[in-house]
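*Asks:* Please see the structure below; I have some questions.
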Amino acid sequence: MLGPKQSGQCMYNSTKNSGGQIANTIIVPMIVVVLISVLGIFGVMYWSANLSDETAEQSQHHLLSGALKLTQNYMVKQQTGVVIWDEAYWMVNDPDPDSNWIYNNMMNWLFLHHGFNRSILVGKNFDIQNVYARNRSENWMTPELLDELTPAIAKVRARYITSFHKMPSGLYSYMPKGIEAHQSIAETGVLALEGEPYLFSAAAVVPQIQSITTTRTPPVVLVSMVPLRGQKLNDISEMSRLDSFVLAPMQTGRAGVGRFQLRSPRGENVGVIAWQTSQPGSQMLQRINPFLALAAFMIAAVVIAVTIFTRQMTKRLARSEAKAVQAARHDALSGLPNRSRFHTMLTQSVQESVVKGTNIAVVYIDLDHFKDINDTLGHSAGDKVIVAVAERLHRVIPKTGVVARISGDEFAMVIRDCKDDEWLEYILDQVQDEISRPIKIGSRELFASLSLGVSVAPRDGNDPDELLRKADIALYDAKANGRNRRSFFEPTMEHHVQSKDKMSRELRLALRNDELELAYQPQSDTDAKRIVSVEALARWTKEDGTIVSPAQFIPVAEETGLINDLGLWVLNKACAKAHDWPGVTVSVNVSPNQFKHPRFVEKVMAILAANNLPPQRLEIEVTESVFAGRNDSVLKALRRLKNLGVKVALDDFGSGYSSLSYLRRFPFDTLKIDRDFVSDMNGNPEAEAILVSIIQLGKALGMTIVAEGIETLEQIRFLQAHRCHRMQGFFISKPLSDRALGQFLDDFHGTTGSGFGADLSYQPIAAKG
């Protein structure tokens, strides 16, 4: 018979053996499953990464091709001034042309104004009439070079010949098809000259005025060339936004390096443009692999821990109890007191200050742009930043002070025994200086900043909740005035908050009582002969006649969440009124906050159905801010609306820093040029060049181009000359009520023509003398 000790030992051994068997039964299959799962996940991840890298490189290749095409098209426009010119036409076709005139007025002019440092004038019989180089050398013009250019020149000659149409009289009239009178017949390409790639534009020299002739003869062709290496390559690099952009004679295939082969008109290799591809798949793989390995390790650790769980139960219960007490009073991530504990400590501090007759400061702290860190580097990096900030705040605050984490990126401090505001300013300077030092996260250095709101007792009261509220109001003021600063509470701040609260309540009531109105600003077509679209704009006039500017109530609606109700009200009113103006598209601005609503698309389609309005007559206008944070749900909502037939416009294009990336991410129907570009264009060649480039870019992407802010006839003429699709501005019409818009449309589309009182249809620019 076993004694208690032996019995206990046997029970221990039995339990140990049984536990080992159970552990083996669980661990072995679990390890096998985990191993197979991890290997499968890694295999799928590597396959997906390679596919993603290939797709990204193809996209970048198309982007580079488009940038090169835009550059070549711009060269054609630069050449237009000398190839569409009566005097040049008669001079180059003269049996005895003046070579000096051709040199100075055509070839050298192109060099001086547009940088074409090599030019060739090819005669009707494919003979070389003139050769131009800046150093007056002609040795570079070889038969081999002419042979390379022959296919392009032949295409220009063929297009020129086919542009003549036989008239009933037997004569031939020069009437090009598919191009405007102010555009040239040209071909562009790349060729090798003295071992370097050159861009060229070959254009027929034609008269400005339509000509009639008895016979059709080939044209004289001007070929202008400019080195690709240098400014042109820099321009293409800027447009494509590719990294490590280089031009080389040849480039072997390497992982992570994109290649764009340059070929001459004969198909010969001219050179290679290479760049560092983004490789999103490989980059994702590098970030995820450590986490997958860590997860596998943790799973293995958990499996092993199961076998010893029973023996450690008592210790775990004790540790859990201690953690529960800690968690009830402190923030788990930073280890600082939480909101509840902070309020208790603040109450005690206020009571002590009242007894001692001392001052205390309550400081509300917000970490500036913390969401950007989470969005770009992930929540793990954000957590490390929170921990680092918490440690620094705890280190720099006076020993008698208190620092706590209130919520995600908000902290609070109590600074006891404040001598005066100057002393408090010194302490807060130390806080901001300490936080401004770099925070090292792995191999990265991050820079954080704080916005602080301060209330002081007893100056701002002795009630803890009131002190917190006033510190929060001061924090709002600091953030509203640029962040990375501090604000002490002042009574005027409270008045501002109350005013905003009052406006939000009045706006909510106005929406409920349908007291708001809509104004509509018309958009004309290119020739200013027809109104094709109107933009709906919210207007608010109170019962006492006070007009509230949209610049006042729209931000309030954004901050208070009323923007969803306001946006749907505008959309419903605009769709209901659209039936009064058949054939006119209605444009409605949509706030980024509206896209956060999970059923926004369904609500839009319900409004269209309720008003029996085809989706094709509605245009949704968004700004680039709608893409802040790279929220995929926004892109999904936009694509759903577009697939359902609703048009999507990118508003205020060019006002931000990354607009081109948005054009790559989403196929917009309409591109609205920011009004600043239009207002700056008058007499400003740089502004006009940018405006033309935007129009060409939008057209190249198949978008409808809208110019906003038109205030002069000269602006309309310029935009018409460059075939801008739609125009909007006070020169056409100010925003009108629905009744005034109806009258405006009747007058505008009446039998008397344009409602402007002047002929605004497109008129070609006068020819050179």
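Numbering starts fresh at 1 for the residues of each chain in the structure tokens, the chains themselves are lettered A, B, ... in the order given, and ligands are numbered from 1 as they appear.
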Can you pull out every residue within 9 Å of Ala700 (chain A), counting only C-alpha atoms, but drop anything in the same chain fewer than 4 positions away, and send it as a PDB file with N, CA, C and O atoms, in the first residue's frame?

*Replies:*
ATOM      1  N   GLY A  66       3.825  57.326 -72.769  1.00  0.00           N
ATOM      2  CA  GLY A  66       2.961  58.497 -72.886  1.00  0.00           C
ATOM      3  C   GLY A  66       3.713  59.796 -72.698  1.00  0.00           C
ATOM      4  O   GLY A  66       3.469  60.784 -73.403  1.00  0.00           O
ATOM      5  N   LEU A  70       4.031  62.808 -75.403  1.00  0.00           N
ATOM      6  CA  LEU A  70       3.677  64.200 -75.111  1.00  0.00           C
ATOM      7  C   LEU A  70       4.836  65.140 -75.468  1.00  0.00           C
ATOM      8  O   LEU A  70       4.623  66.231 -76.011  1.00  0.00           O
ATOM      9  N   ILE A 695      -4.122  70.530 -70.685  1.00  0.00           N
ATOM     10  CA  ILE A 695      -5.164  70.197 -71.663  1.00  0.00           C
ATOM     11  C   ILE A 695      -4.725  69.002 -72.501  1.00  0.00           C
ATOM     12  O   ILE A 695      -5.489  68.050 -72.720  1.00  0.00           O
ATOM     13  N   GLN A 696      -3.472  69.010 -72.952  1.00  0.00           N
ATOM     14  CA  GLN A 696      -2.974  67.909 -73.763  1.00  0.00           C
ATOM     15  C   GLN A 696      -2.929  66.612 -72.954  1.00  0.00           C
ATOM     16  O   GLN A 696      -3.271  65.539 -73.474  1.00  0.00           O
TER      17      GLN A 696
END

*Asks:* Could you pull out the strand (DSSP E) residues of region 327-389 of chain A, going by DSSP on the backbone, and write them as a ChimeraX atom specification?

*Replies:* /A:359-367

*Asks:* Now that the selection is made, can you save its residues with all heavy atoms as a CSV table (one decimal), in the first residue's frame?

*Replies:*
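So the final result, stored in part-v3.csv, reads:
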chain,number,residue,atom,x,y,z
A,359,ASN,N,-1.0,77.6,-8.1
A,359,ASN,CA,-1.6,77.5,-9.4
A,359,ASN,C,-1.2,76.1,-10.0
A,359,ASN,O,-0.1,75.6,-9.7
A,359,ASN,CB,-1.0,78.5,-10.4
A,359,ASN,CG,-1.4,79.9,-9.9
A,359,ASN,OD1,-2.4,80.1,-9.3
A,359,ASN,ND2,-0.6,80.9,-10.3
A,360,ILE,N,-2.1,75.5,-10.8
A,360,ILE,CA,-1.8,74.3,-11.5
A,360,ILE,C,-2.2,74.5,-13.0
A,360,ILE,O,-3.1,75.3,-13.2
A,360,ILE,CB,-2.4,73.1,-10.9
A,360,ILE,CG1,-3.9,73.1,-11.1
A,360,ILE,CG2,-2.0,72.8,-9.5
A,360,ILE,CD1,-4.6,71.8,-10.8
A,361,ALA,N,-1.5,73.8,-13.9
A,361,ALA,CA,-1.8,73.9,-15.3
A,361,ALA,C,-2.3,72.6,-15.8
A,361,ALA,O,-1.7,71.5,-15.4
A,361,ALA,CB,-0.6,74.4,-16.1
A,362,VAL,N,-3.4,72.6,-16.6
A,362,VAL,CA,-3.9,71.4,-17.2
A,362,VAL,C,-3.5,71.5,-18.7
A,362,VAL,O,-3.9,72.5,-19.4
A,362,VAL,CB,-5.4,71.2,-17.1
A,362,VAL,CG1,-5.8,70.0,-17.8
A,362,VAL,CG2,-5.7,71.1,-15.6
A,363,VAL,N,-2.8,70.6,-19.3
A,363,VAL,CA,-2.3,70.7,-20.6
A,363,VAL,C,-2.9,69.5,-21.4
A,363,VAL,O,-2.6,68.3,-21.1
A,363,VAL,CB,-0.7,70.7,-20.7
A,363,VAL,CG1,-0.3,70.8,-22.1
A,363,VAL,CG2,-0.1,71.7,-19.8
A,364,TYR,N,-3.6,69.8,-22.5
A,364,TYR,CA,-4.1,68.8,-23.4
A,364,TYR,C,-3.1,68.7,-24.6
A,364,TYR,O,-2.8,69.8,-25.1
A,364,TYR,CB,-5.5,69.1,-23.9
A,364,TYR,CG,-6.5,68.1,-23.5
A,364,TYR,CD1,-7.9,68.4,-23.5
A,364,TYR,CD2,-6.2,66.8,-23.2
A,364,TYR,CE1,-8.9,67.5,-23.1
A,364,TYR,CE2,-7.2,65.9,-22.8
A,364,TYR,CZ,-8.5,66.2,-22.8
A,364,TYR,OH,-9.5,65.3,-22.5
A,365,ILE,N,-2.7,67.5,-25.0
A,365,ILE,CA,-1.7,67.4,-26.0
A,365,ILE,C,-2.2,66.5,-27.1
A,365,ILE,O,-2.8,65.4,-26.8
A,365,ILE,CB,-0.4,66.8,-25.4
A,365,ILE,CG1,0.1,67.6,-24.3
A,365,ILE,CG2,0.7,66.5,-26.5
A,365,ILE,CD1,1.3,67.0,-23.5
A,366,ASP,N,-2.0,66.9,-28.3
A,366,ASP,CA,-2.3,66.1,-29.5
A,366,ASP,C,-1.1,65.9,-30.4
A,366,ASP,O,-0.4,66.9,-30.7
A,366,ASP,CB,-3.4,66.8,-30.3
A,366,ASP,CG,-3.9,65.9,-31.5
A,366,ASP,OD1,-4.7,65.0,-31.2
A,366,ASP,OD2,-3.5,66.1,-32.6
A,367,LEU,N,-0.8,64.7,-30.8
A,367,LEU,CA,0.3,64.4,-31.6
A,367,LEU,C,-0.1,64.7,-33.1
A,367,LEU,O,-1.0,64.1,-33.6
A,367,LEU,CB,0.7,62.9,-31.5
A,367,LEU,CG,2.0,62.4,-32.0
A,367,LEU,CD1,3.2,63.2,-31.4
A,367,LEU,CD2,2.2,60.9,-31.7

*Asks:* From a backbone DSSP assignment, name each residue in region 81-153 of chain A labelled helix (DSSP H, G or I), as a ChimeraX atom specification.

*Replies:* /A:81-83,86-92,99-114,143-153

*Asks:* What is the distance between CA of Asp421 (chain A) and CA of Glu352 (chain A), in Å to one decimal?

*Replies:*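 About the pair CA of Asp421 (chain A) and CA of Glu352 (chain A): they are 19.8 Å apart.
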
*Asks:* For region 193-196 of chain A, list every protein, DNA or RNA residue within 12 Å, evaluated using only C-alpha atoms, and leave out those in the same chain fewer than 5 positions away; present the list as a ChimeraX atom specification.

*Replies:* /A:117-118,139-142,144-146,148-149,225-230,247-250,262,264,269-272

*Asks:* Please produce a file of the residues just selected, as a PDB file, in the first residue's frame, where the atoms kept are C-alpha atoms.

*Replies:*
ATOM      1  CA  ASN A 117      20.293  72.386 -82.672  1.00  0.00           C
ATOM      2  CA  ARG A 118      20.177  70.329 -85.881  1.00  0.00           C
ATOM      3  CA  ASN A 139      29.658  66.551 -91.815  1.00  0.00           C
ATOM      4  CA  TRP A 140      27.016  65.033 -89.560  1.00  0.00           C
ATOM      5  CA  MET A 141      24.507  64.926 -92.440  1.00  0.00           C
ATOM      6  CA  THR A 142      25.278  61.522 -93.970  1.00  0.00           C
ATOM      7  CA  GLU A 144      22.853  56.836 -93.680  1.00  0.00           C
ATOM      8  CA  LEU A 145      21.095  59.484 -91.582  1.00  0.00           C
ATOM      9  CA  LEU A 146      18.853  60.467 -94.515  1.00  0.00           C
ATOM     10  CA  GLU A 148      16.985  56.503 -91.367  1.00  0.00           C
ATOM     11  CA  LEU A 149      14.714  59.531 -91.785  1.00  0.00           C
ATOM     12  CA  MET A 225      16.262  67.567 -84.086  1.00  0.00           C
ATOM     13  CA  VAL A 226      17.147  67.974 -80.437  1.00  0.00           C
ATOM     14  CA  PRO A 227      19.285  65.731 -78.165  1.00  0.00           C
ATOM     15  CA  LEU A 228      17.246  63.407 -75.960  1.00  0.00           C
ATOM     16  CA  ARG A 229      19.933  63.524 -73.298  1.00  0.00           C
ATOM     17  CA  GLY A 230      19.630  66.661 -71.221  1.00  0.00           C
ATOM     18  CA  LEU A 247      19.717  56.876 -70.828  1.00  0.00           C
ATOM     19  CA  ALA A 248      22.170  54.267 -72.080  1.00  0.00           C
ATOM     20  CA  PRO A 249      23.206  52.745 -75.428  1.00  0.00           C
ATOM     21  CA  MET A 250      22.114  49.336 -74.182  1.00  0.00           C
ATOM     22  CA  LEU A 262      14.211  53.457 -78.363  1.00  0.00           C
ATOM     23  CA  SER A 264      14.567  54.607 -85.215  1.00  0.00           C
ATOM     24  CA  ASN A 269      18.042  50.187 -81.790  1.00  0.00           C
ATOM     25  CA  VAL A 270      18.917  53.764 -80.808  1.00  0.00           C
ATOM     26  CA  GLY A 271      19.260  53.412 -77.061  1.00  0.00           C
ATOM     27  CA  VAL A 272      17.520  52.374 -73.881  1.00  0.00           C
TER      28      VAL A 272
END

*Asks:* Got a sec: who's within 10 Å of Cys418 (chain A), counting only C-alpha atoms, leaving out chain neighbours fewer than 2 positions off, as JSON, numbers by chain?

*Replies:* {"A": [358, 359, 360, 361, 415, 416, 420, 421, 422, 423, 424, 427, 456, 457]}

*Asks:* Mind writing the picked residues with all heavy atoms as a JSON list (two decimals), in the first residue's frame?

*Replies:*
[["chain", "number", "residue", "atom", "x", "y", "z"],
["A", 358, "THR", "N", -1.96, 77.57, -4.54],
["A", 358, "THR", "CA", -1.00, 77.58, -5.65],
["A", 358, "THR", "C", -1.74, 77.42, -6.98],
["A", 358, "THR", "O", -2.93, 77.09, -7.03],
["A", 358, "THR", "CB", 0.01, 76.43, -5.50],
["A", 358, "THR", "OG1", -0.70, 75.18, -5.44],
["A", 358, "THR", "CG2", 0.84, 76.61, -4.24],
["A", 359, "ASN", "N", -1.01, 77.63, -8.06],
["A", 359, "ASN", "CA", -1.57, 77.47, -9.40],
["A", 359, "ASN", "C", -1.19, 76.10, -9.98],
["A", 359, "ASN", "O", -0.09, 75.59, -9.73],
["A", 359, "ASN", "CB", -1.04, 78.54, -10.36],
["A", 359, "ASN", "CG", -1.44, 79.94, -9.94],
["A", 359, "ASN", "OD1", -2.44, 80.13, -9.26],
["A", 359, "ASN", "ND2", -0.64, 80.92, -10.33],
["A", 360, "ILE", "N", -2.09, 75.53, -10.75],
["A", 360, "ILE", "CA", -1.76, 74.31, -11.51],
["A", 360, "ILE", "C", -2.20, 74.53, -12.95],
["A", 360, "ILE", "O", -3.14, 75.30, -13.23],
["A", 360, "ILE", "CB", -2.43, 73.06, -10.93],
["A", 360, "ILE", "CG1", -3.95, 73.12, -11.10],
["A", 360, "ILE", "CG2", -2.03, 72.82, -9.50],
["A", 360, "ILE", "CD1", -4.62, 71.78, -10.83],
["A", 361, "ALA", "N", -1.51, 73.85, -13.85],
["A", 361, "ALA", "CA", -1.84, 73.94, -15.28],
["A", 361, "ALA", "C", -2.30, 72.58, -15.78],
["A", 361, "ALA", "O", -1.72, 71.55, -15.43],
["A", 361, "ALA", "CB", -0.63, 74.41, -16.09],
["A", 415, "ILE", "N", 0.56, 70.09, -14.35],
["A", 415, "ILE", "CA", 1.81, 70.67, -13.85],
["A", 415, "ILE", "C", 1.48, 71.46, -12.58],
["A", 415, "ILE", "O", 0.75, 72.47, -12.63],
["A", 415, "ILE", "CB", 2.45, 71.58, -14.91],
["A", 415, "ILE", "CG1", 2.72, 70.78, -16.20],
["A", 415, "ILE", "CG2", 3.73, 72.20, -14.39],
["A", 415, "ILE", "CD1", 3.28, 71.61, -17.33],
["A", 416, "ARG", "N", 1.97, 70.97, -11.47],
["A", 416, "ARG", "CA", 1.65, 71.57, -10.18],
["A", 416, "ARG", "C", 2.59, 72.75, -9.88],
["A", 416, "ARG", "O", 3.67, 72.85, -10.45],
["A", 416, "ARG", "CB", 1.76, 70.54, -9.06],
["A", 416, "ARG", "CG", 0.79, 69.36, -9.16],
["A", 416, "ARG", "CD", 0.90, 68.49, -7.92],
["A", 416, "ARG", "NE", -0.06, 67.39, -7.91],
["A", 416, "ARG", "CZ", 0.23, 66.14, -8.26],
["A", 416, "ARG", "NH1", 1.48, 65.84, -8.63],
["A", 416, "ARG", "NH2", -0.69, 65.20, -8.23],
["A", 420, "ASP", "N", 4.40, 81.20, -12.61],
["A", 420, "ASP", "CA", 3.76, 82.20, -13.44],
["A", 420, "ASP", "C", 3.73, 81.66, -14.89],
["A", 420, "ASP", "O", 4.23, 80.57, -15.18],
["A", 420, "ASP", "CB", 4.48, 83.55, -13.38],
["A", 420, "ASP", "CG", 5.99, 83.42, -13.60],
["A", 420, "ASP", "OD1", 6.40, 82.55, -14.42],
["A", 420, "ASP", "OD2", 6.75, 84.15, -12.93],
["A", 421, "ASP", "N", 3.15, 82.45, -15.79],
["A", 421, "ASP", "CA", 3.05, 82.01, -17.19],
["A", 421, "ASP", "C", 4.43, 81.87, -17.84],
["A", 421, "ASP", "O", 4.65, 80.99, -18.69],
["A", 421, "ASP", "CB", 2.20, 82.99, -18.00],
["A", 421, "ASP", "CG", 0.72, 82.83, -17.71],
["A", 421, "ASP", "OD1", 0.37, 81.89, -16.95],
["A", 421, "ASP", "OD2", -0.09, 83.63, -18.23],
["A", 422, "GLU", "N", 5.37, 82.71, -17.47],
["A", 422, "GLU", "CA", 6.70, 82.64, -18.07],
["A", 422, "GLU", "C", 7.39, 81.32, -17.70],
["A", 422, "GLU", "O", 8.02, 80.67, -18.54],
["A", 422, "GLU", "CB", 7.54, 83.83, -17.59],
["A", 422, "GLU", "CG", 8.92, 83.90, -18.24],
["A", 422, "GLU", "CD", 9.70, 85.13, -17.82],
["A", 422, "GLU", "OE1", 9.09, 86.00, -17.13],
["A", 422, "GLU", "OE2", 10.88, 85.22, -18.17],
["A", 423, "TRP", "N", 7.25, 80.94, -16.44],
["A", 423, "TRP", "CA", 7.82, 79.65, -16.00],
["A", 423, "TRP", "C", 7.15, 78.49, -16.71],
["A", 423, "TRP", "O", 7.81, 77.53, -17.14],
["A", 423, "TRP", "CB", 7.66, 79.52, -14.49],
["A", 423, "TRP", "CG", 8.19, 78.24, -13.92],
["A", 423, "TRP", "CD1", 9.47, 77.97, -13.53],
["A", 423, "TRP", "CD2", 7.44, 77.03, -13.68],
["A", 423, "TRP", "NE1", 9.58, 76.68, -13.06],
["A", 423, "TRP", "CE2", 8.35, 76.08, -13.15],
["A", 423, "TRP", "CE3", 6.12, 76.67, -13.86],
["A", 423, "TRP", "CZ2", 7.95, 74.79, -12.81],
["A", 423, "TRP", "CZ3", 5.72, 75.38, -13.53],
["A", 423, "TRP", "CH2", 6.63, 74.45, -13.00],
["A", 424, "LEU", "N", 5.81, 78.59, -16.86],
["A", 424, "LEU", "CA", 5.07, 77.53, -17.55],
["A", 424, "LEU", "C", 5.48, 77.45, -19.02],
["A", 424, "LEU", "O", 5.61, 76.35, -19.58],
["A", 424, "LEU", "CB", 3.57, 77.80, -17.42],
["A", 424, "LEU", "CG", 2.62, 76.75, -18.02],
["A", 424, "LEU", "CD1", 2.89, 75.38, -17.43],
["A", 424, "LEU", "CD2", 1.17, 77.16, -17.79],
["A", 427, "ILE", "N", 8.66, 75.47, -19.28],
["A", 427, "ILE", "CA", 8.42, 74.02, -19.17],
["A", 427, "ILE", "C", 7.86, 73.47, -20.48],
["A", 427, "ILE", "O", 8.30, 72.41, -20.98],
["A", 427, "ILE", "CB", 7.46, 73.71, -18.01],
["A", 427, "ILE", "CG1", 8.08, 74.14, -16.66],
["A", 427, "ILE", "CG2", 7.10, 72.23, -17.99],
["A", 427, "ILE", "CD1", 9.35, 73.41, -16.32],
["A", 456, "VAL", "N", -5.31, 77.14, -16.86],
["A", 456, "VAL", "CA", -4.61, 77.34, -15.59],
["A", 456, "VAL", "C", -5.63, 77.60, -14.49],
["A", 456, "VAL", "O", -6.53, 78.44, -14.64],
["A", 456, "VAL", "CB", -3.62, 78.53, -15.70],
["A", 456, "VAL", "CG1", -2.90, 78.74, -14.36],
["A", 456, "VAL", "CG2", -2.60, 78.29, -16.81],
["A", 457, "ALA", "N", -5.49, 76.87, -13.39],
["A", 457, "ALA", "CA", -6.34, 77.10, -12.20],
["A", 457, "ALA", "C", -5.52, 77.90, -11.19],
["A", 457, "ALA", "O", -4.32, 77.71, -11.05],
["A", 457, "ALA", "CB", -6.77, 75.76, -11.61]]

*Asks:* Tell me, as a PyMOL selection string, which residues lie within 12 Å of Arg437 (chain A), counting only C-alpha atoms; anything in the same chain fewer than 3 positions away does not count.

*Replies:* chain A and resi 388-389+392+430-434+440+445-450

*Asks:* Write out, as a compact mmCIF listing (two decimals), in the first residue's frame, the residues just selected, with all heavy atoms.

*Replies:*
# COMPACT_ATOMS: atom_id res chain seq x y z
N ALA A 388 7.49 56.06 -27.47
CA ALA A 388 8.61 56.99 -27.39
C ALA A 388 8.15 58.35 -26.87
O ALA A 388 8.82 58.97 -26.03
CB ALA A 388 9.26 57.14 -28.78
N VAL A 389 7.01 58.84 -27.36
CA VAL A 389 6.49 60.13 -26.90
C VAL A 389 6.14 60.07 -25.42
O VAL A 389 6.43 60.99 -24.65
CB VAL A 389 5.26 60.54 -27.74
CG1 VAL A 389 4.56 61.75 -27.12
CG2 VAL A 389 5.67 60.86 -29.17
N ARG A 392 9.28 60.28 -23.34
CA ARG A 392 9.88 61.62 -23.33
C ARG A 392 9.05 62.59 -22.49
O ARG A 392 9.61 63.43 -21.77
CB ARG A 392 10.01 62.13 -24.76
CG ARG A 392 10.99 61.32 -25.58
CD ARG A 392 11.18 61.89 -26.98
NE ARG A 392 12.08 61.07 -27.78
CZ ARG A 392 12.53 61.41 -28.98
NH1 ARG A 392 12.14 62.58 -29.52
NH2 ARG A 392 13.33 60.61 -29.66
N GLN A 430 10.45 73.11 -23.12
CA GLN A 430 11.23 71.88 -22.94
C GLN A 430 10.48 70.66 -23.48
O GLN A 430 11.07 69.77 -24.09
CB GLN A 430 11.55 71.68 -21.46
CG GLN A 430 12.59 72.65 -20.90
CD GLN A 430 12.95 72.32 -19.48
OE1 GLN A 430 12.08 72.06 -18.65
NE2 GLN A 430 14.25 72.31 -19.18
N VAL A 431 9.17 70.64 -23.24
CA VAL A 431 8.34 69.52 -23.73
C VAL A 431 8.42 69.44 -25.26
O VAL A 431 8.68 68.38 -25.84
CB VAL A 431 6.89 69.68 -23.26
CG1 VAL A 431 5.99 68.66 -23.97
CG2 VAL A 431 6.79 69.52 -21.75
N GLN A 432 8.19 70.58 -25.93
CA GLN A 432 8.18 70.58 -27.40
C GLN A 432 9.57 70.31 -27.97
O GLN A 432 9.71 69.63 -28.98
CB GLN A 432 7.62 71.89 -27.93
CG GLN A 432 6.11 72.05 -27.63
CD GLN A 432 5.50 73.24 -28.32
OE1 GLN A 432 5.85 74.37 -28.02
NE2 GLN A 432 4.57 72.99 -29.24
N ASP A 433 10.61 70.82 -27.33
CA ASP A 433 11.98 70.56 -27.79
C ASP A 433 12.32 69.08 -27.67
O ASP A 433 12.98 68.51 -28.55
CB ASP A 433 12.99 71.39 -27.00
CG ASP A 433 12.90 72.88 -27.32
OD1 ASP A 433 12.29 73.22 -28.36
OD2 ASP A 433 13.41 73.69 -26.53
N GLU A 434 11.89 68.47 -26.57
CA GLU A 434 12.18 67.06 -26.37
C GLU A 434 11.48 66.19 -27.41
O GLU A 434 12.05 65.25 -27.96
CB GLU A 434 11.73 66.64 -24.95
CG GLU A 434 11.99 65.18 -24.61
CD GLU A 434 13.46 64.86 -24.43
OE1 GLU A 434 14.27 65.80 -24.27
OE2 GLU A 434 13.80 63.67 -24.46
N LYS A 440 13.72 57.18 -33.61
CA LYS A 440 14.26 56.14 -34.48
C LYS A 440 13.37 54.90 -34.40
O LYS A 440 13.21 54.31 -33.35
CB LYS A 440 15.70 55.81 -34.08
CG LYS A 440 16.46 55.02 -35.14
CD LYS A 440 17.95 54.99 -34.84
CE LYS A 440 18.73 54.29 -35.95
NZ LYS A 440 18.62 55.01 -37.24
N GLU A 445 14.13 57.47 -39.29
CA GLU A 445 14.06 58.54 -38.30
C GLU A 445 12.78 59.33 -38.54
O GLU A 445 12.58 59.88 -39.63
CB GLU A 445 15.28 59.45 -38.40
CG GLU A 445 16.52 58.90 -37.75
CD GLU A 445 17.62 59.94 -37.62
OE1 GLU A 445 17.48 61.02 -38.23
OE2 GLU A 445 18.60 59.69 -36.89
N LEU A 446 11.90 59.35 -37.56
CA LEU A 446 10.65 60.08 -37.66
C LEU A 446 10.73 61.34 -36.82
O LEU A 446 11.41 61.37 -35.78
CB LEU A 446 9.47 59.22 -37.20
CG LEU A 446 9.28 57.89 -37.92
CD1 LEU A 446 8.07 57.16 -37.35
CD2 LEU A 446 9.11 58.10 -39.41
N PHE A 447 10.02 62.37 -37.26
CA PHE A 447 10.00 63.63 -36.54
C PHE A 447 8.55 63.93 -36.14
O PHE A 447 7.66 64.01 -37.01
CB PHE A 447 10.56 64.77 -37.39
CG PHE A 447 12.03 64.62 -37.66
CD1 PHE A 447 12.48 63.88 -38.74
CD2 PHE A 447 12.97 65.20 -36.82
CE1 PHE A 447 13.84 63.72 -38.99
CE2 PHE A 447 14.33 65.05 -37.05
CZ PHE A 447 14.76 64.31 -38.14
N ALA A 448 8.31 64.04 -34.85
CA ALA A 448 6.98 64.30 -34.33
C ALA A 448 6.88 65.73 -33.82
O ALA A 448 7.88 66.37 -33.50
CB ALA A 448 6.64 63.30 -33.22
N SER A 449 5.65 66.22 -33.76
CA SER A 449 5.40 67.53 -33.18
C SER A 449 4.10 67.47 -32.40
O SER A 449 3.27 66.59 -32.62
CB SER A 449 5.34 68.62 -34.26
OG SER A 449 4.25 68.38 -35.14
N LEU A 450 3.95 68.43 -31.49
CA LEU A 450 2.78 68.44 -30.61
C LEU A 450 2.01 69.75 -30.76
O LEU A 450 2.60 70.80 -30.99
CB LEU A 450 3.20 68.30 -29.14
CG LEU A 450 4.00 67.05 -28.75
CD1 LEU A 450 4.37 67.13 -27.28
CD2 LEU A 450 3.19 65.80 -29.02
